[in-house]
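To keep things clear, I will list the structure first and then write my remarks on it.
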Amino acid sequence: MPRIKTKNSTTSTLTPANGSLLQGELAVNITDKKLFVGDASGNPVEITNQGVTAVYGSTSGIYVTQATGSTVIGLDPDIYVSGVLQVSGVISTIGTAGSLFNDTALSVNIGGGASGVQIGHPTGTVVMGNIAVNSGTISTTALAGDIFNATAARINIGAAASGVKIGHATGVVVVGDIAVNNGAITTTSSTGSVFNTNIITANAFTSATLVNIATGNVFDPAEKVIKIGTTAGGDGGVTISIGSSSAGTTTINSPSTVFGGDVAVNGGDITTSNSLATIFNTTAARVNIGGGASGVQIGHPTGTVVMGNISATGYVSAASGYRIASAAINAQTATGYTLVSTDNGKIITFDSAATHTLRIPTGLDIGFNATIIQLGTGQVTCTGLSGATLNCYASGNKILGQHGSASVLCYASNVYNLAGTLGI
């Protein structure tokens with residue numbers, strides 16, 4: 001049988017010289033496993049696999065292996081693979097844009113059995129359409145990672161999900177503004193903080209006309225300022241509802257609660273479980289109670305109300321009459337006594353056989369008044385100290401006898417009137 005022998009060489013990297021081959025003539029480099037053919041000018045053209053070590057097929061797909069370098073498949077325009085394409089190297093393109101799958105692919109699985117899949121260069125940007133993660137996690141090995149860049153106008157996370165978890169259970173998630181258009185912010189823990197203790201001012205529901213805070217602690221008591229339903233002007237005409245509108249008890253456990261405006265209690269009571277409570281602190285210069293009320297009740301009808309000084313611009317009346325407490329009686333047994341400011345409105349009694357002198361000083365308030373009663377046989381003489389003017393009828397400044405009385409009233413600065421059962 002005749003055999004055909006082509007030009008050949010065993011010298012590595014040796015190629016036929018230009019013009020050394022006839023058109024269609026073959027030459028082989030046996031060592032490099034390369035086949036050349038002469039073109040119309042007699043120059044060699046390589047037509048072999050360029051280092052491919054194996055090309056073989058099986059029922060599961062077509063496999064191309066290569067010892068070194070890159071494999072270039074120059075089929076134009078497209079490559080169609082009906083089975084499985086297994087690549088042990090890299091699939092790359094020299095074009096500025098390339099499509100791995102066309103738009104007719106209904107489903108594309110990348111790295112289905114891989115322990116990890118890398119898409120895009122570590123320092124580059126990958127642009128994708130919708131990404132569905134049906135099982136598993138989107139993670140990063142970097143200390144910080146952005147899922148969306150700064151140009152994203154709107155991001156929907158878990159739009160149809162029954163639950164969305166953001167952040168690790170024991171970690172901290174830092175976000176910008178959060179808009180909850182429908183639904184609730186909840187926690188499965190027994191306690192939860194909406195704001196941490198570092199926040200200075202927390203604005204909640206700034207445009208809401210009605211805010212219902214039903215149960216639980218909505219804000220951390222450590223917050224410095226909490227504004228609910230306010231506007232820039234401070235008076236938005238808003239309504240804030242705390243607690244149930246029908247029943248229940250709302251408790252504010254803050255050590256100090258400050259209201260910058262009016263507090264209206266339209267129904268119910270302000271109560272305390274403590275034995276002592278202060279409605280206004282000591283810095284309140286003036287307190288108006290029941291300014292427009294037809295009647296104000298302070299204290300239980302059968303109880304006792306203890307007050308300091310009471311100033312009334314109108315009438316002070318009592319349906320059951322006035323009562324003078326025992327503390328309003330200043331009983332004196334000494335032979336002399338000088339009135340003091342705390343004697344205003346009191347009754348000063350003298351009960352002994354010795355004579356007594358009641359001294360009226362300067363400096364008592366205008367309106368100061370006191371009643372003097374001589375209970376014993378010792379006569380009581382009233383006299384003004386230096387700087388005090390004491391006026392009395394017919395110069396009578398002595399109580400005439402046992403069980404007689406006199407009243408002293410300051411009606412001008414350091415000027416007093418003395419009236420009663422008096423004589424000289």
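Residues in the structure tokens are named by chain (A, B, ... in the order shown) and by number from 1 within that chain; ligands are numbered from 1 in the order shown.
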**Item:** Shell around Val45 (chain A) at 9 Å using only C-alpha atoms, local window under 5 positions removed, as a list of chain:residue names
**Value:** A:Leu35, A:Phe36, A:Val37, A:Gly38, A:Asp39
Atoms kept (N, CA and C atoms) for selection, written as a compact mmCIF listing (two decimals), in the first residue's frame:
# COMPACT_ATOMS: atom_id res chain seq x y z
N LEU A 35 0.79 21.13 12.82
CA LEU A 35 0.63 20.83 11.39
C LEU A 35 0.51 22.14 10.63
N PHE A 36 1.27 22.26 9.54
CA PHE A 36 1.28 23.49 8.76
C PHE A 36 0.86 23.14 7.33
N VAL A 37 0.28 24.12 6.59
CA VAL A 37 -0.12 23.97 5.20
C VAL A 37 0.33 25.22 4.46
N GLY A 38 0.78 25.02 3.23
CA GLY A 38 1.23 26.16 2.45
C GLY A 38 0.06 26.92 1.87
N ASP A 39 0.14 28.26 1.91
CA ASP A 39 -0.92 29.07 1.33
C ASP A 39 -0.59 29.37 -0.12
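Across the structure, CA of Ile347 (chain A) and CA of Ser326 (chain A) are spaced 9.8 Å apart.
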**Prompt:** With only C-alpha atoms as the basis for distance, which of A:Thr151, A:Leu276, A:Gly167, A:Ile424 is at the shortest distance from Ile138 (chain A)?
**Reply:** A:Gly167
**Item:** Gln332 (chain A) surroundings by only C-alpha atoms, 9 Å radius, close-in-sequence under 2 positions cut, as an MDAnalysis selection string
**Value:** chainID A and resid 330 334:337 348:352
**Prompt:** Contacts of Ile110 (chain A) at 12 Å or less, counting only C-alpha atoms, minus same-chain residues fewer than 4 places along, as a list in words?
**Reply:** Leu85, Gln86, Leu100, Phe101, Ala114, Ser115, Gly116, Val117, Gln118 and Ile119 of chain A
Residues from the last selection, C-alpha atoms, saved as a short mmCIF file (atom, residue, chain, number, x, y, z; two decimals), in the first residue's frame:
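Written output follows (part30.cif):
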data_model
loop_
_atom_site.label_atom_id
_atom_site.label_comp_id
_atom_site.auth_asym_id
_atom_site.auth_seq_id
_atom_site.Cartn_x
_atom_site.Cartn_y
_atom_site.Cartn_z
CA LEU A 85 -19.73 22.39 28.69
CA GLN A 86 -16.97 21.62 31.18
CA LEU A 100 -22.72 34.00 28.14
CA PHE A 101 -26.37 33.04 27.57
CA ALA A 114 -19.76 24.55 43.78
CA SER A 115 -18.82 25.49 47.34
CA GLY A 116 -18.33 29.08 46.15
CA VAL A 117 -18.98 31.14 43.03
CA GLN A 118 -17.18 34.38 42.20
CA ILE A 119 -18.86 36.76 39.75
#
